[in-house]
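**Student:** Below you will find the structure I want to go over with you.
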Amino acid sequence: PAWPSWATRVAGLAARGPMLVVTTAFYAAGDDEGGLAMLDWRKGGEGAARLLAFAISAQWCCGLPVVQTIARSADFIFANEPEILELAAKLRSAGSISEETPEGDSVAAMAAVARWKERGWVVVT
């Protein structure tokens, strides 16, 4: 069957009040267009607040460009310690964060990722 796009499914919902959409890197890995449509949705619209929360989901997701794009712009990102370390390692190797960020230091990784983000919060367990 043909499924409606993510943008079609949420059209008009934000007009009803503030919204927080929560998604995962697993979803973004399987649907790049849908993941990026969520960013467009969050940035667009008048009136009620639109927030996006993004769970990194797994270490292997950290190197995917769509995951990095969404993580950078999401209002909240959630990760566990191995995921934040892997995301920082991928960003460090791409030159997106300082090469001086120590490997294996989760506090330094959280701080580096937080500085790299365009906006929002980094939540790590």
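To be explicit about the labels: the chains of the structure tokens are called A, B, and onward in the order shown, and within each one the residues are counted from 1, while ligands get numbers from 1 in the order they are shown.
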Tell me, as a ChimeraX atom specification, which residues lie within 10 Å of range 20-30 of chain A, counting only C-alpha atoms; anything in the same chain fewer than 2 positions away does not count.
**Tutor:** /A:10,14,18,32-36,38,41-42,49-62,64-68,70-71,74-78
**Student:** Any idea what's packed within 10 Å of Ile97 in chain A, counting only C-alpha atoms, ignoring anything in its chain fewer than 3 positions away? Could you give it as a list of chain:residue names?
**Tutor:** A:Ala88, A:Ala89, A:Lys90, A:Leu91, A:Arg92, A:Ser93, A:Ala94, A:Glu100, A:Thr101, A:Ala109, A:Ala112, A:Val113, A:Arg115, A:Trp116
**Student:** Please measure the separation of CA of Gly95 in chain A and CA of Gly63 in chain A, giving the value in Å to one decimal.
**Tutor:**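 Taking CA of Gly95 in chain A as the start and CA of Gly63 in chain A as the end point, the length is 13.0 Å.
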**Student:** DSSP on the backbone: what in range 3-119 of chain A comes out strand (DSSP E or B), as a tab-separated table (two decimals) with N, CA, C and O atoms, in the first residue's frame?
**Tutor:**
chain	number	residue	atom	x	y	z
A	19	MET	N	3.03	21.73	19.82
A	19	MET	CA	3.28	20.32	19.53
A	19	MET	C	4.73	19.97	19.75
A	19	MET	O	5.62	20.76	19.43
A	20	LEU	N	4.96	18.79	20.29
A	20	LEU	CA	6.28	18.21	20.40
A	20	LEU	C	6.24	16.89	19.65
A	20	LEU	O	5.47	16.00	19.99
A	21	VAL	N	7.05	16.79	18.59
A	21	VAL	CA	7.15	15.55	17.84
A	21	VAL	C	8.42	14.85	18.29
A	21	VAL	O	9.48	15.47	18.37
A	22	VAL	N	8.31	13.56	18.61
A	22	VAL	CA	9.44	12.76	19.05
A	22	VAL	C	9.68	11.70	17.97
A	22	VAL	O	8.76	10.98	17.59
A	23	THR	N	10.92	11.63	17.50
A	23	THR	CA	11.26	10.63	16.50
A	23	THR	C	12.65	10.07	16.80
A	23	THR	O	13.31	10.51	17.73
A	24	THR	N	13.05	9.10	16.00
A	24	THR	CA	14.31	8.41	16.25
A	24	THR	C	15.19	8.39	15.00
A	24	THR	O	14.71	8.58	13.89
A	50	ARG	N	6.33	24.66	17.79
A	50	ARG	CA	6.61	23.37	17.19
A	50	ARG	C	7.99	22.94	17.66
A	50	ARG	O	8.98	23.63	17.39
A	51	LEU	N	8.06	21.84	18.37
A	51	LEU	CA	9.33	21.35	18.90
A	51	LEU	C	9.60	19.95	18.36
A	51	LEU	O	8.68	19.17	18.16
A	52	LEU	N	10.89	19.65	18.18
A	52	LEU	CA	11.29	18.34	17.69
A	52	LEU	C	12.29	17.72	18.66
A	52	LEU	O	13.31	18.33	18.99
A	53	ALA	N	11.97	16.52	19.13
A	53	ALA	CA	12.87	15.74	19.97
A	53	ALA	C	13.35	14.55	19.15
A	53	ALA	O	12.57	13.92	18.44
A	54	PHE	N	14.65	14.26	19.26
A	54	PHE	CA	15.27	13.25	18.41
A	54	PHE	C	16.14	12.32	19.24
A	54	PHE	O	17.04	12.77	19.94
A	55	ALA	N	15.85	11.03	19.16
A	55	ALA	CA	16.66	10.03	19.87
A	55	ALA	C	17.69	9.46	18.89
A	55	ALA	O	17.34	9.01	17.80
A	76	PHE	N	15.62	18.97	21.06
A	76	PHE	CA	16.17	18.06	22.06
A	76	PHE	C	16.77	16.87	21.33
A	76	PHE	O	16.16	16.35	20.40
A	77	ILE	N	17.97	16.45	21.74
A	77	ILE	CA	18.46	15.14	21.30
A	77	ILE	C	18.69	14.30	22.54
A	77	ILE	O	19.11	14.80	23.58
A	78	PHE	N	18.36	13.03	22.41
A	78	PHE	CA	18.54	12.07	23.49
A	78	PHE	C	19.53	11.01	23.02
A	78	PHE	O	19.43	10.53	21.90
A	79	ALA	N	20.46	10.69	23.89
A	79	ALA	CA	21.47	9.67	23.56
A	79	ALA	C	21.93	9.00	24.84
A	79	ALA	O	21.83	9.58	25.92
**Student:** Can you list, as an MDAnalysis selection string, every protein, DNA or RNA residue that comes within 8 Å of range 104-106 of chain A when you count only C-alpha atoms, leaving out same-chain residues fewer than 4 positions away?
**Tutor:** chainID A and resid 81 84:85 110
**Student:** May I have the residues from that selection written out with N, CA, C and O atoms, as a compact mmCIF listing (two decimals), in the first residue's frame?
**Tutor:**
# COMPACT_ATOMS: atom_id res chain seq x y z
N GLU A 81 25.40 7.06 26.66
CA GLU A 81 26.82 7.42 26.65
C GLU A 81 27.56 6.91 25.40
O GLU A 81 28.27 7.68 24.75
N ILE A 84 26.59 9.21 22.37
CA ILE A 84 27.14 10.56 22.35
C ILE A 84 28.64 10.51 22.04
O ILE A 84 29.18 11.37 21.35
N LEU A 85 29.32 9.49 22.56
CA LEU A 85 30.74 9.32 22.24
C LEU A 85 30.94 9.06 20.75
O LEU A 85 31.85 9.62 20.13
N MET A 110 29.63 15.49 25.30
CA MET A 110 28.35 16.21 25.46
C MET A 110 28.56 17.70 25.21
O MET A 110 27.76 18.33 24.51
**Student:** Taking the chain letters and numbering used in this document, name the residues of chain A that DSSP puts in helix (DSSP H, G or I), as a ChimeraX atom specification.
**Tutor:** /A:6-10,13-16,25-30,32-43,59-63,65-73,81-93,106-116
**Student:** Which one is closest to Arg119 in chain A: A:Ala7, A:Ser73, A:Gly17, A:Ala48? Count only C-alpha atoms.
**Tutor:** A:Ser73
**Student:** Quick one: pull the distance between CA of Ala114 in chain A and CA of Pro82 in chain A, Å, one decimal.
**Tutor:** 15.9 Å
**Student:** Tell me which of A:Thr69, A:Asp40, A:Thr8, A:Ser98 sits closest to Ala111 in chain A, counting only C-alpha atoms.
**Tutor:**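 Ranking A:Thr69, A:Asp40, A:Thr8, A:Ser98 by distance to Ala111 in chain A, first place goes to A:Ser98.
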